[in-house]
file model-v5.cif (mmCIF, C-alpha atoms and all ligand atoms)
data_data
loop_
_atom_site.group_PDB
_atom_site.id
_atom_site.type_symbol
_atom_site.label_atom_id
_atom_site.label_comp_id
_atom_site.auth_asym_id
_atom_site.auth_seq_id
_atom_site.Cartn_x
_atom_site.Cartn_y
_atom_site.Cartn_z
ATOM 1 C CA MET S 45 239.916 19.350 117.550
ATOM 2 C CA GLY S 46 241.340 20.646 114.314
ATOM 3 C CA THR S 47 240.717 19.169 110.912
ATOM 4 C CA SER S 48 243.246 16.805 109.294
ATOM 5 C CA LEU S 49 244.829 17.535 105.926
ATOM 6 C CA SER S 50 242.880 14.750 104.218
ATOM 7 C CA GLN S 51 239.621 15.926 105.805
ATOM 8 C CA GLY S 52 240.322 19.530 104.810
ATOM 9 C CA VAL S 53 240.988 18.446 101.233
ATOM 10 C CA GLU S 54 237.890 16.245 101.147
ATOM 11 C CA GLU S 55 235.707 19.129 102.363
ATOM 12 C CA GLY S 56 237.213 21.509 99.823
ATOM 13 C CA ARG S 57 238.671 23.716 102.564
ATOM 14 C CA CYS S 58 242.250 23.407 101.319
ATOM 15 C CA GLY S 59 244.441 21.798 98.684
ATOM 16 C CA ASP S 60 246.988 19.025 99.161
ATOM 17 C CA ARG S 61 249.806 20.829 97.331
ATOM 18 C CA LEU S 62 252.708 22.258 99.327
ATOM 19 C CA TRP S 63 254.149 25.396 97.735
ATOM 20 C CA LEU S 64 257.795 26.378 98.057
ATOM 21 C CA TYR S 65 259.049 29.873 97.231
ATOM 22 C CA ALA S 66 262.504 28.954 95.912
ATOM 23 C CA THR S 67 263.742 32.545 95.552
ATOM 24 C CA TYR S 68 262.412 36.076 95.109
ATOM 25 C CA HIS S 69 265.201 36.896 92.633
ATOM 26 C CA CYS S 70 264.216 37.264 88.964
ATOM 27 C CA ASN S 71 265.773 38.292 85.653
ATOM 28 C CA LEU S 72 262.530 40.112 84.757
ATOM 29 C CA ALA S 73 260.513 42.833 86.509
ATOM 30 C CA CYS S 74 256.921 42.347 85.322
ATOM 31 C CA VAL S 75 254.476 45.177 85.982
ATOM 32 C CA TYR S 76 252.101 43.012 88.021
ATOM 33 C CA CYS S 77 254.685 40.976 89.950
ATOM 34 C CA LEU S 78 253.331 39.901 93.339
ATOM 35 C CA THR S 79 256.766 39.658 94.894
ATOM 36 C CA GLU S 80 258.473 42.783 93.506
ATOM 37 C CA SER S 81 260.992 40.385 91.981
ATOM 38 C CA ARG S 82 263.652 41.911 89.748
ATOM 39 C CA PRO S 83 267.321 41.486 88.809
ATOM 40 C CA GLY S 84 268.828 43.636 91.591
ATOM 41 C CA ILE S 85 266.524 42.615 94.451
ATOM 42 C CA ALA S 86 268.317 43.063 97.768
ATOM 43 C CA ASN S 87 266.602 40.319 99.766
ATOM 44 C CA ARG S 88 266.393 37.168 97.659
ATOM 45 C CA ARG S 89 264.750 35.037 100.381
ATOM 46 C CA THR S 90 266.191 31.842 98.904
ATOM 47 C CA LEU S 91 265.427 28.306 100.075
ATOM 48 C CA SER S 92 268.374 25.938 99.680
ATOM 49 C CA ARG S 93 268.129 22.690 97.719
ATOM 50 C CA GLU S 94 268.566 20.747 100.973
ATOM 51 C CA THR S 95 265.757 22.667 102.670
ATOM 52 C CA MET S 96 263.359 22.191 99.752
ATOM 53 C CA VAL S 97 264.039 18.470 99.486
ATOM 54 C CA ALA S 98 263.721 17.996 103.255
ATOM 55 C CA LEU S 99 260.397 19.875 103.234
ATOM 56 C CA ALA S 100 259.176 17.754 100.318
ATOM 57 C CA GLU S 101 260.008 14.556 102.188
ATOM 58 C CA GLU S 102 258.235 15.827 105.306
ATOM 59 C CA ALA S 103 255.268 16.807 103.134
ATOM 60 C CA ARG S 104 254.993 13.313 101.678
ATOM 61 C CA GLU S 105 255.054 11.830 105.190
ATOM 62 C CA LEU S 106 252.298 14.234 106.257
ATOM 63 C CA GLY S 107 249.990 13.251 103.401
ATOM 64 C CA PHE S 108 250.528 16.057 100.887
ATOM 65 C CA GLY S 109 249.876 14.874 97.338
ATOM 66 C CA ALA S 110 251.849 17.358 95.266
ATOM 67 C CA LEU S 111 254.404 20.160 95.289
ATOM 68 C CA GLY S 112 254.534 23.560 93.612
ATOM 69 C CA VAL S 113 257.732 25.586 93.311
ATOM 70 C CA THR S 114 257.534 29.281 92.585
ATOM 71 C CA GLY S 115 259.263 32.614 93.124
ATOM 72 C CA GLY S 116 260.730 34.873 91.728
ATOM 73 C CA GLU S 117 262.225 32.943 88.869
ATOM 74 C CA THR S 118 263.025 29.419 89.958
ATOM 75 C CA PHE S 119 265.752 28.971 87.319
ATOM 76 C CA MET S 120 267.753 31.884 88.774
ATOM 77 C CA LEU S 121 269.004 29.211 91.187
ATOM 78 C CA SER S 122 272.007 27.602 89.512
ATOM 79 C CA ASP S 123 271.166 24.120 90.826
ATOM 80 C CA PHE S 124 267.437 24.283 90.110
ATOM 81 C CA PRO S 125 267.322 21.593 87.369
ATOM 82 C CA GLU S 126 268.771 19.074 89.831
ATOM 83 C CA THR S 127 266.615 20.354 92.711
ATOM 84 C CA LEU S 128 263.533 19.936 90.555
ATOM 85 C CA ALA S 129 264.471 16.360 89.721
ATOM 86 C CA ASP S 130 265.004 15.668 93.442
ATOM 87 C CA LEU S 131 261.560 17.093 94.240
ATOM 88 C CA GLY S 132 259.897 15.200 91.391
ATOM 89 C CA ARG S 133 261.236 11.946 92.842
ATOM 90 C CA VAL S 134 259.402 12.719 96.098
ATOM 91 C CA LEU S 135 256.009 13.995 94.857
ATOM 92 C CA PRO S 136 254.389 15.175 91.604
ATOM 93 C CA THR S 137 255.711 18.696 91.117
ATOM 94 C CA VAL S 138 254.891 21.786 89.102
ATOM 95 C CA ALA S 139 257.557 24.484 88.798
ATOM 96 C CA LEU S 140 256.606 27.990 87.733
ATOM 97 C CA THR S 141 259.053 29.734 85.434
ATOM 98 C CA ASN S 142 259.165 32.648 83.019
ATOM 99 C CA GLY S 143 260.754 30.352 80.426
ATOM 100 C CA THR S 144 263.557 32.731 79.438
ATOM 101 C CA LEU S 145 266.611 30.994 80.890
ATOM 102 C CA PHE S 146 266.572 27.664 79.034
ATOM 103 C CA THR S 147 269.957 27.438 77.348
ATOM 104 C CA ASP S 148 271.005 24.196 75.591
ATOM 105 C CA ARG S 149 272.937 23.266 78.703
ATOM 106 C CA VAL S 150 269.912 23.772 80.962
ATOM 107 C CA LEU S 151 267.734 21.764 78.556
ATOM 108 C CA ASP S 152 270.230 18.886 78.739
ATOM 109 C CA ARG S 153 270.128 18.999 82.539
ATOM 110 C CA LEU S 154 266.311 18.897 82.423
ATOM 111 C CA ALA S 155 266.137 15.751 80.277
ATOM 112 C CA VAL S 156 265.641 13.538 83.349
ATOM 113 C CA LEU S 157 262.335 15.280 84.092
ATOM 114 C CA ALA S 158 260.711 13.516 81.133
ATOM 115 C CA GLU S 159 260.771 10.352 83.278
ATOM 116 C CA LEU S 160 259.239 12.060 86.315
ATOM 117 C CA ASP S 161 255.850 13.562 87.199
ATOM 118 C CA VAL S 162 257.088 17.128 86.775
ATOM 119 C CA ALA S 163 255.557 19.991 84.818
ATOM 120 C CA LEU S 164 257.015 23.362 83.905
ATOM 121 C CA GLN S 165 254.424 26.130 84.051
ATOM 122 C CA ILE S 166 255.512 28.972 81.786
ATOM 123 C CA SER S 167 253.967 32.440 81.765
ATOM 124 C CA LEU S 168 252.669 33.877 78.502
ATOM 125 C CA ASP S 169 250.015 36.588 78.440
ATOM 126 C CA SER S 170 249.231 37.163 74.779
ATOM 127 C CA ALA S 171 249.834 35.787 71.295
ATOM 128 C CA GLU S 172 250.681 39.366 70.278
ATOM 129 C CA PRO S 173 254.378 39.971 71.041
ATOM 130 C CA ALA S 174 253.959 43.680 71.840
ATOM 131 C CA ARG S 175 251.006 43.075 74.189
ATOM 132 C CA ASN S 176 252.817 40.299 76.045
ATOM 133 C CA ASP S 177 256.069 42.259 76.311
ATOM 134 C CA GLU S 178 254.283 45.383 77.566
ATOM 135 C CA TRP S 179 253.633 43.509 80.837
ATOM 136 C CA ARG S 180 256.553 41.106 80.949
ATOM 137 C CA GLY S 181 259.470 42.966 79.367
ATOM 138 C CA PRO S 182 261.312 43.226 76.037
ATOM 139 C CA GLU S 183 261.871 40.030 74.002
ATOM 140 C CA ASN S 184 259.883 37.936 76.488
ATOM 141 C CA PHE S 185 257.464 36.651 73.853
ATOM 142 C CA ALA S 186 260.264 35.692 71.435
ATOM 143 C CA LYS S 187 262.134 33.788 74.146
ATOM 144 C CA VAL S 188 259.077 31.851 75.308
ATOM 145 C CA VAL S 189 257.951 30.842 71.812
ATOM 146 C CA ALA S 190 261.480 29.664 71.072
ATOM 147 C CA THR S 191 261.645 27.628 74.281
ATOM 148 C CA VAL S 192 258.302 25.844 74.623
ATOM 149 C CA PRO S 193 258.616 23.629 71.495
ATOM 150 C CA ARG S 194 262.133 22.629 72.574
ATOM 151 C CA LEU S 195 260.822 21.481 75.942
ATOM 152 C CA VAL S 196 257.872 19.647 74.397
ATOM 153 C CA GLU S 197 260.060 17.844 71.837
ATOM 154 C CA ARG S 198 262.206 16.573 74.723
ATOM 155 C CA GLY S 199 259.120 14.996 76.295
ATOM 156 C CA LEU S 200 258.790 17.534 79.124
ATOM 157 C CA ARG S 201 255.304 18.516 80.282
ATOM 158 C CA VAL S 202 254.599 22.200 79.767
ATOM 159 C CA ARG S 203 251.682 24.225 81.087
ATOM 160 C CA ILE S 204 251.024 27.785 80.001
ATOM 161 C CA ALA S 205 249.867 30.350 82.564
ATOM 162 C CA THR S 206 248.168 33.521 81.387
ATOM 163 C CA THR S 207 247.557 36.504 83.604
ATOM 164 C CA VAL S 208 244.675 38.559 82.290
ATOM 165 C CA ASP S 209 244.050 42.257 82.543
ATOM 166 C CA ASP S 210 242.261 43.671 79.487
ATOM 167 C CA GLN S 211 242.857 40.927 76.898
ATOM 168 C CA THR S 212 239.874 40.401 74.606
ATOM 169 C CA ASP S 213 238.264 37.004 73.998
ATOM 170 C CA ASP S 214 239.722 37.006 70.451
ATOM 171 C CA GLU S 215 243.173 37.700 71.815
ATOM 172 C CA LEU S 216 242.895 34.825 74.284
ATOM 173 C CA GLU S 217 241.611 32.517 71.542
ATOM 174 C CA ARG S 218 244.701 33.303 69.438
ATOM 175 C CA LEU S 219 246.831 32.437 72.449
ATOM 176 C CA CYS S 220 244.985 29.108 72.775
ATOM 177 C CA GLU S 221 245.641 28.368 69.104
ATOM 178 C CA LEU S 222 249.315 29.030 69.745
ATOM 179 C CA HIS S 223 249.653 26.707 72.759
ATOM 180 C CA ARG S 224 247.650 23.991 70.987
ATOM 181 C CA SER S 225 250.048 24.268 68.025
ATOM 182 C CA TRP S 226 252.844 23.336 70.446
ATOM 183 C CA GLY S 227 250.925 20.289 71.680
ATOM 184 C CA VAL S 228 249.991 21.947 74.988
ATOM 185 C CA GLY S 229 246.301 21.116 75.499
ATOM 186 C CA ASP S 230 243.576 23.280 77.008
ATOM 187 C CA ASP S 231 243.815 21.408 80.327
ATOM 188 C CA ASP S 232 247.364 22.676 80.601
ATOM 189 C CA HIS S 233 246.425 26.318 80.031
ATOM 190 C CA LEU S 234 245.657 28.317 83.177
ATOM 191 C CA VAL S 235 244.083 31.745 82.927
ATOM 192 C CA ARG S 236 243.741 33.987 85.959
ATOM 193 C CA SER S 237 243.292 37.643 86.815
ATOM 194 C CA ILE S 238 246.067 39.833 88.082
ATOM 195 C CA VAL S 239 245.889 39.625 91.860
ATOM 196 C CA ARG S 240 246.038 43.054 93.487
ATOM 197 C CA ARG S 241 248.884 42.443 95.885
ATOM 198 C CA GLY S 242 252.609 43.249 95.755
ATOM 199 C CA ARG S 243 253.704 45.415 92.830
ATOM 200 C CA ALA S 244 250.244 45.018 91.230
ATOM 201 C CA ALA S 245 248.725 46.774 94.272
ATOM 202 C CA LEU S 246 251.166 49.676 93.964
ATOM 203 C CA GLU S 247 250.327 49.900 90.256
ATOM 204 C CA GLU S 248 246.592 49.625 91.084
ATOM 205 C CA LEU S 249 246.231 46.656 88.745
ATOM 206 C CA GLY S 250 244.009 43.600 88.983
ATOM 207 C CA VAL S 251 241.384 42.371 91.378
ATOM 208 C CA GLU S 252 241.426 42.551 95.158
ATOM 209 C CA PRO S 253 241.153 38.924 96.317
ATOM 210 C CA GLY S 254 238.216 38.263 98.650
ATOM 211 C CA PRO S 255 238.781 36.176 101.819
ATOM 212 C CA THR S 256 237.639 32.931 100.165
ATOM 213 C CA ASP S 257 238.650 33.594 96.541
ATOM 214 C CA ILE S 258 241.882 31.614 96.795
ATOM 215 C CA LEU S 259 242.077 27.981 97.896
ATOM 216 C CA PRO S 260 244.297 27.674 100.992
ATOM 217 C CA GLU S 261 247.463 25.677 100.218
ATOM 218 C CA LEU S 262 250.312 25.707 102.704
ATOM 219 C CA THR S 263 253.085 27.868 101.271
ATOM 220 C CA ILE S 264 256.642 27.975 102.554
ATOM 221 C CA THR S 265 259.074 30.857 102.085
ATOM 222 C CA ALA S 266 262.296 31.902 103.771
ATOM 223 C CA ASP S 267 260.098 34.291 105.822
ATOM 224 C CA GLY S 268 257.721 31.619 107.135
ATOM 225 C CA ALA S 269 254.621 29.605 106.266
ATOM 226 C CA PHE S 270 251.658 31.310 104.573
ATOM 227 C CA LEU S 271 248.019 30.515 103.832
ATOM 228 C CA HIS S 272 248.257 30.231 100.043
ATOM 229 C CA PRO S 273 250.699 30.940 97.203
ATOM 230 C CA PHE S 274 249.322 34.462 96.622
ATOM 231 C CA ALA S 275 249.949 35.378 100.283
ATOM 232 C CA PRO S 276 253.723 36.001 100.698
ATOM 233 C CA THR S 277 253.733 39.106 98.516
ATOM 234 C CA VAL S 278 256.108 42.052 98.808
ATOM 235 C CA ARG S 279 255.411 45.779 98.914
ATOM 236 C CA HIS S 280 258.176 48.399 99.132
ATOM 237 C CA GLY S 281 260.659 45.608 99.824
ATOM 238 C CA VAL S 282 258.761 44.212 102.824
ATOM 239 C CA THR S 283 256.932 40.864 102.902
ATOM 240 C CA ASP S 284 253.180 41.157 103.552
ATOM 241 C CA LEU S 285 252.416 39.276 106.775
ATOM 242 C CA ASP S 286 248.605 39.523 106.807
ATOM 243 C CA LEU S 287 248.323 35.870 105.712
ATOM 244 C CA LEU S 288 251.269 34.503 107.679
ATOM 245 C CA VAL S 289 250.554 31.134 109.298
ATOM 246 C CA ALA S 290 253.808 30.572 111.212
ATOM 247 C CA ARG S 291 257.285 32.091 111.318
ATOM 248 C CA GLN S 292 258.888 28.681 111.764
ATOM 249 C CA VAL S 293 258.575 26.271 108.864
ATOM 250 C CA ARG S 294 260.230 23.190 110.334
ATOM 251 C CA PRO S 295 259.152 20.810 111.515
ATOM 252 C CA LEU S 296 256.543 21.100 108.787
ATOM 253 C CA GLN S 297 254.048 19.326 111.073
ATOM 254 C CA ALA S 298 253.887 22.410 113.357
ATOM 255 C CA ALA S 299 253.245 24.788 110.438
ATOM 256 C CA LEU S 300 250.650 22.365 109.035
ATOM 257 C CA ASP S 301 248.841 22.194 112.399
ATOM 258 C CA ARG S 302 248.542 26.000 112.516
ATOM 259 C CA PHE S 303 247.444 26.063 108.868
ATOM 260 C CA LEU S 304 244.730 23.477 109.541
ATOM 261 C CA ARG S 305 243.461 25.401 112.575
ATOM 262 C CA ILE S 306 242.976 28.483 110.361
ATOM 263 C CA VAL S 307 241.429 26.444 107.550
ATOM 264 C CA ALA S 308 238.950 24.791 109.941
ATOM 265 C CA HIS S 309 237.408 28.208 110.610
ATOM 266 C CA GLN S 310 236.907 28.982 106.928
ATOM 267 C CA PRO S 311 233.839 27.954 104.916
ATOM 268 C CA ALA S 312 233.955 24.583 103.187
ATOM 269 C CA GLY S 313 234.646 24.444 99.464
ATOM 270 C CA THR S 314 231.127 23.435 98.508
ATOM 271 C CA ASP S 315 229.878 26.770 99.930
ATOM 272 C CA VAL S 316 232.338 29.031 98.156
ATOM 273 C CA VAL S 317 233.499 29.886 94.676
ATOM 274 C CA ARG S 318 237.274 30.085 94.279
ATOM 275 C CA ASN S 319 237.765 32.899 91.824
ATOM 276 C CA ILE S 320 241.541 32.918 91.660
ATOM 277 C CA ARG S 321 243.760 29.940 90.868
HETATM 278 S S1 LIG G 401 255.945 37.907 87.582
HETATM 279 FE FE1 LIG G 401 257.357 36.166 87.567
HETATM 280 S S2 LIG G 401 258.704 36.554 85.815
HETATM 281 FE FE2 LIG G 401 257.682 38.477 86.278
HETATM 282 S S3 LIG G 401 259.082 39.579 87.668
HETATM 283 FE FE3 LIG G 401 257.641 38.433 88.945
HETATM 284 S S4 LIG G 401 258.670 36.509 89.358
HETATM 285 FE FE4 LIG G 401 259.709 37.434 87.600
#
call {"tool": "encode", "arguments": {"input": "model-v5.cif", "output": "structure tokens"}}
result
Amino acid sequence: MGTSLSQGVEEGRCGDRLWLYATYHCNLACVYCLTESRPGIANRRTLSRETMVALAEEARELGFGALGVTGGETFMLSDFPETLADLGRVLPTVALTNGTLFTDRVLDRLAVLAELDVALQISLDSAEPARNDEWRGPENFAKVVATVPRLVERGLRVRIATTVDDQTDDELERLCELHRSWGVGDDDHLVRSIVRRGRAALEELGVEPGPTDILPELTITADGAFLHPFAPTVRHGVTDLDLLVARQVRPLQAALDRFLRIVAHQPAGTDVVRNIR
């Protein structure tokens, strides 16, 4: 007998968030990108709005408690503001974004999210523009600091995600002062190491994740279902399949069953420290 999703969550073996990789396309090309995302990427591996919404509805039926949408840059999809609203009507949702594509028109289309349980998680690695832009590309810092207050003043929930390499404690404290000045509290600031997969592995950056460092959370991409959101990485243009759970993603029940069989053989959460979130 395998474990159920609720039992797995209760025992700390897995999370109840379903992750969706909306696209691997991105307007940036960060040094440590797990998915080798960039502007000219040949294989965008996009999930359609219909597919994402259908998966979200299946997830709710199956007992998932939340959704995460990532990529690539989610807002490279022209209909993403509406897709995000659709998803937020199904389950609480966090969407990861680099925060550089929020024109006035996009902000207007996002207004509805203020009424929904939806958060935008924006990457920012340093309060020093040059340090941040060294990893994430020219003008990235300026664009993010211009955008976050505009989202917050519209009542949208913003989280800040910081990927650390060699930032000092003082540097991180200055970053915390910055996000607090926007009204983004410490609970909405995530700090994690660079994970040595994808482009970060080729660049020999970050930490090699151990087998239990990352909480399993079923993750759906156009290539299949994976064990957690750091699993469907890309190296030399090819998706890493070492943490593939199933090639077929629908019905979601079948992918979930395979996921739970794998999770049942892993140590329970009380026995392990999850070092990467
Ligand atoms: S890390 Fe994020 S913003 Fe940077 S290239 Fe990858 S997907 Fe784009």
call {"tool": "resolve_selection", "arguments": {"input": "model-v5.cif", "expression": "the PyMOL selection byres (((not hetatm)) within 7 of (chain G and resi 401))", "output": "list in words"}}
result
Tyr68, Cys70, Asn71, Leu72, Ala73, Cys74, Tyr76, Cys77, Leu78, Thr79, Glu80, Ser81, Arg82, Gly115, Gly116, Glu117, Thr141, Asn142 and Arg180 of chain S
call {"tool": "write_last_selection", "arguments": {"input": "model-v5.cif", "atoms": "C-alpha atoms", "output": "short mmCIF file (atom, residue, chain, number, x, y, z; two decimals), in the coordinates of the input"}}
result
data_model
loop_
_atom_site.label_atom_id
_atom_site.label_comp_id
_atom_site.auth_asym_id
_atom_site.auth_seq_id
_atom_site.Cartn_x
_atom_site.Cartn_y
_atom_site.Cartn_z
CA TYR S 68 262.41 36.08 95.11
CA CYS S 70 264.22 37.26 88.96
CA ASN S 71 265.77 38.29 85.65
CA LEU S 72 262.53 40.11 84.76
CA ALA S 73 260.51 42.83 86.51
CA CYS S 74 256.92 42.35 85.32
CA TYR S 76 252.10 43.01 88.02
CA CYS S 77 254.68 40.98 89.95
CA LEU S 78 253.33 39.90 93.34
CA THR S 79 256.77 39.66 94.89
CA GLU S 80 258.47 42.78 93.51
CA SER S 81 260.99 40.38 91.98
CA ARG S 82 263.65 41.91 89.75
CA GLY S 115 259.26 32.61 93.12
CA GLY S 116 260.73 34.87 91.73
CA GLU S 117 262.23 32.94 88.87
CA THR S 141 259.05 29.73 85.43
CA ASN S 142 259.17 32.65 83.02
CA ARG S 180 256.55 41.11 80.95
#
call {"tool": "resolve_selection", "arguments": {"input": "model-v5.cif", "expression": "the PyMOL selection byres (((chain S and resi 260) around 8) and not hetatm)", "output": "PyMOL selection string"}}
result
chain S and resi 57-59+258-259+261-262+271-272+307
call {"tool": "write_last_selection", "arguments": {"input": "model-v5.cif", "atoms": "C-alpha atoms", "output": "compact mmCIF listing (two decimals), in the coordinates of the input"}}
result
# COMPACT_ATOMS: atom_id res chain seq x y z
CA ARG S 57 238.67 23.72 102.56
CA CYS S 58 242.25 23.41 101.32
CA GLY S 59 244.44 21.80 98.68
CA ILE S 258 241.88 31.61 96.80
CA LEU S 259 242.08 27.98 97.90
CA GLU S 261 247.46 25.68 100.22
CA LEU S 262 250.31 25.71 102.70
CA LEU S 271 248.02 30.52 103.83
CA HIS S 272 248.26 30.23 100.04
CA VAL S 307 241.43 26.44 107.55
call {"tool": "atom_distance", "arguments": {"input": "model-v5.cif", "atom1": "CA of Ala98 in chain S", "atom2": "CA of Glu159 in chain S"}}
result
21.6 Å
call {"tool": "resolve_selection", "arguments": {"input": "model-v5.cif", "expression": "the PyMOL selection byres (((chain S and resi 106) around 9) and not hetatm)", "output": "list in words"}}
result
Leu49, Glu101, Glu102, Ala103, Arg104, Glu105, Gly107, Phe108, Leu296, Gln297 and Leu300 of chain S
call {"tool": "residues_near_point", "arguments": {"input": "model-v5.cif", "point": "(272.9, 28.8, 88.6)", "cutoff": "12 Å", "atoms": "all atoms listed in the file", "output": "compact mmCIF listing (two decimals) with C-alpha atoms, in the frame of the given file"}}
result
# COMPACT_ATOMS: atom_id res chain seq x y z
CA HIS S 69 265.20 36.90 92.63
CA ARG S 93 268.13 22.69 97.72
CA GLU S 117 262.23 32.94 88.87
CA THR S 118 263.02 29.42 89.96
CA PHE S 119 265.75 28.97 87.32
CA MET S 120 267.75 31.88 88.77
CA LEU S 121 269.00 29.21 91.19
CA SER S 122 272.01 27.60 89.51
CA ASP S 123 271.17 24.12 90.83
CA PHE S 124 267.44 24.28 90.11
CA PRO S 125 267.32 21.59 87.37
CA GLU S 126 268.77 19.07 89.83
CA THR S 127 266.62 20.35 92.71
CA LEU S 145 266.61 30.99 80.89
CA PHE S 146 266.57 27.66 79.03
CA THR S 147 269.96 27.44 77.35
CA ARG S 149 272.94 23.27 78.70
CA VAL S 150 269.91 23.77 80.96
CA ARG S 153 270.13 19.00 82.54
call {"tool": "residues_around", "arguments": {"input": "model-v5.cif", "residues": "range 196-209 of chain S", "least_positions_apart": "3", "cutoff": "10 Å", "atoms": "all atoms listed in the file", "output": "VMD selection string"}}
result
chain S and resid 76 138 to 142 151 to 152 154 to 170 176 179 191 to 193 212 216 219 to 220 223 226 to 239 249 to 251
call {"tool": "closest_residue", "arguments": {"input": "model-v5.cif", "among": "S:Glu183, S:Asp284, S:Glu178, S:Glu55", "to": "Arg243 in chain S", "atoms": "only C-alpha atoms"}}
result
S:Asp284
call {"tool": "atom_distance", "arguments": {"input": "model-v5.cif", "atom1": "CA of Thr67 in chain S", "atom2": "CA of Ala190 in chain S"}}
result
24.8 Å
call {"tool": "residues_around", "arguments": {"input": "model-v5.cif", "residues": "Arg291 in chain S", "least_positions_apart": "2", "cutoff": "8 Å", "atoms": "all atoms listed in the file", "output": "number ranges by chain"}}
result
S: 267-269, 288-289, 293
call {"tool": "closest_residue", "arguments": {"input": "model-v5.cif", "among": "S:Ser48, S:Thr283, S:Asn184, S:Thr137", "to": "Ala100 in chain S", "atoms": "all atoms listed in the file"}}
result
S:Thr137
call {"tool": "atom_distance", "arguments": {"input": "model-v5.cif", "atom1": "CA of Gly242 in chain S", "atom2": "CA of Val75 in chain S"}}
result
10.1 Å
call {"tool": "closest_residue", "arguments": {"input": "model-v5.cif", "among": "S:Arg88, S:His280, S:Arg194, S:Arg305", "to": "Asp148 in chain S", "atoms": "all atoms listed in the file"}}
result
S:Arg194
call {"tool": "closest_residue", "arguments": {"input": "model-v5.cif", "among": "S:Ala171, S:Ala66, S:Ala86, S:Ala275", "to": "Glu215 in chain S", "atoms": "all atoms listed in the file"}}
result
S:Ala171
call {"tool": "closest_residue", "arguments": {"input": "model-v5.cif", "among": "S:Arg240, S:Pro276, S:Gly52, S:Asp60", "to": "Pro253 in chain S", "atoms": "all atoms listed in the file"}}
result
S:Arg240
call {"tool": "decode", "arguments": {"input": "model-v5.cif", "residues": "range 117-132 of chain S", "atoms": "N, CA and C atoms", "output": "CSV table (one decimal), in the first residue's frame"}}
result
chain,number,residue,atom,x,y,z
S,117,GLU,N,10.5,32.4,-17.2
S,117,GLU,CA,9.7,33.6,-16.7
S,117,GLU,C,8.3,33.5,-17.1
S,118,THR,N,7.5,33.4,-16.0
S,118,THR,CA,6.0,33.1,-16.2
S,118,THR,C,5.4,34.2,-17.1
S,119,PHE,N,5.8,35.5,-16.9
S,119,PHE,CA,5.1,36.6,-17.6
S,119,PHE,C,5.6,36.7,-19.1
S,120,MET,N,6.4,35.7,-19.6
S,120,MET,CA,6.7,35.7,-21.0
S,120,MET,C,5.5,35.2,-21.7
S,121,LEU,N,4.6,34.5,-21.0
S,121,LEU,CA,3.3,34.0,-21.6
S,121,LEU,C,2.4,35.2,-21.7
S,122,SER,N,1.9,35.5,-22.9
S,122,SER,CA,1.1,36.8,-23.1
S,122,SER,C,-0.2,36.7,-22.2
S,123,ASP,N,-0.7,35.5,-22.0
S,123,ASP,CA,-2.0,35.5,-21.2
S,123,ASP,C,-1.8,35.1,-19.8
S,124,PHE,N,-0.6,35.3,-19.3
S,124,PHE,CA,-0.3,34.8,-17.9
S,124,PHE,C,-1.1,35.6,-16.8
S,125,PRO,N,-1.3,36.9,-16.9
S,125,PRO,CA,-2.1,37.6,-15.9
S,125,PRO,C,-3.5,36.9,-15.7
S,126,GLU,N,-4.1,36.5,-16.8
S,126,GLU,CA,-5.5,35.9,-16.8
S,126,GLU,C,-5.3,34.5,-16.3
S,127,THR,N,-4.3,33.8,-16.7
S,127,THR,CA,-4.1,32.4,-16.3
S,127,THR,C,-3.9,32.4,-14.8
S,128,LEU,N,-3.1,33.3,-14.3
S,128,LEU,CA,-2.8,33.4,-12.8
S,128,LEU,C,-4.1,33.6,-12.0
S,129,ALA,N,-5.0,34.5,-12.5
S,129,ALA,CA,-6.3,34.7,-11.9
S,129,ALA,C,-7.1,33.4,-11.9
S,130,ASP,N,-7.1,32.7,-13.0
S,130,ASP,CA,-7.8,31.5,-13.1
S,130,ASP,C,-7.3,30.5,-12.0
S,131,LEU,N,-6.0,30.4,-11.9
S,131,LEU,CA,-5.4,29.4,-11.0
S,131,LEU,C,-5.7,29.9,-9.5
S,132,GLY,N,-5.7,31.2,-9.3
S,132,GLY,CA,-5.9,31.7,-7.9
S,132,GLY,C,-7.4,31.5,-7.5
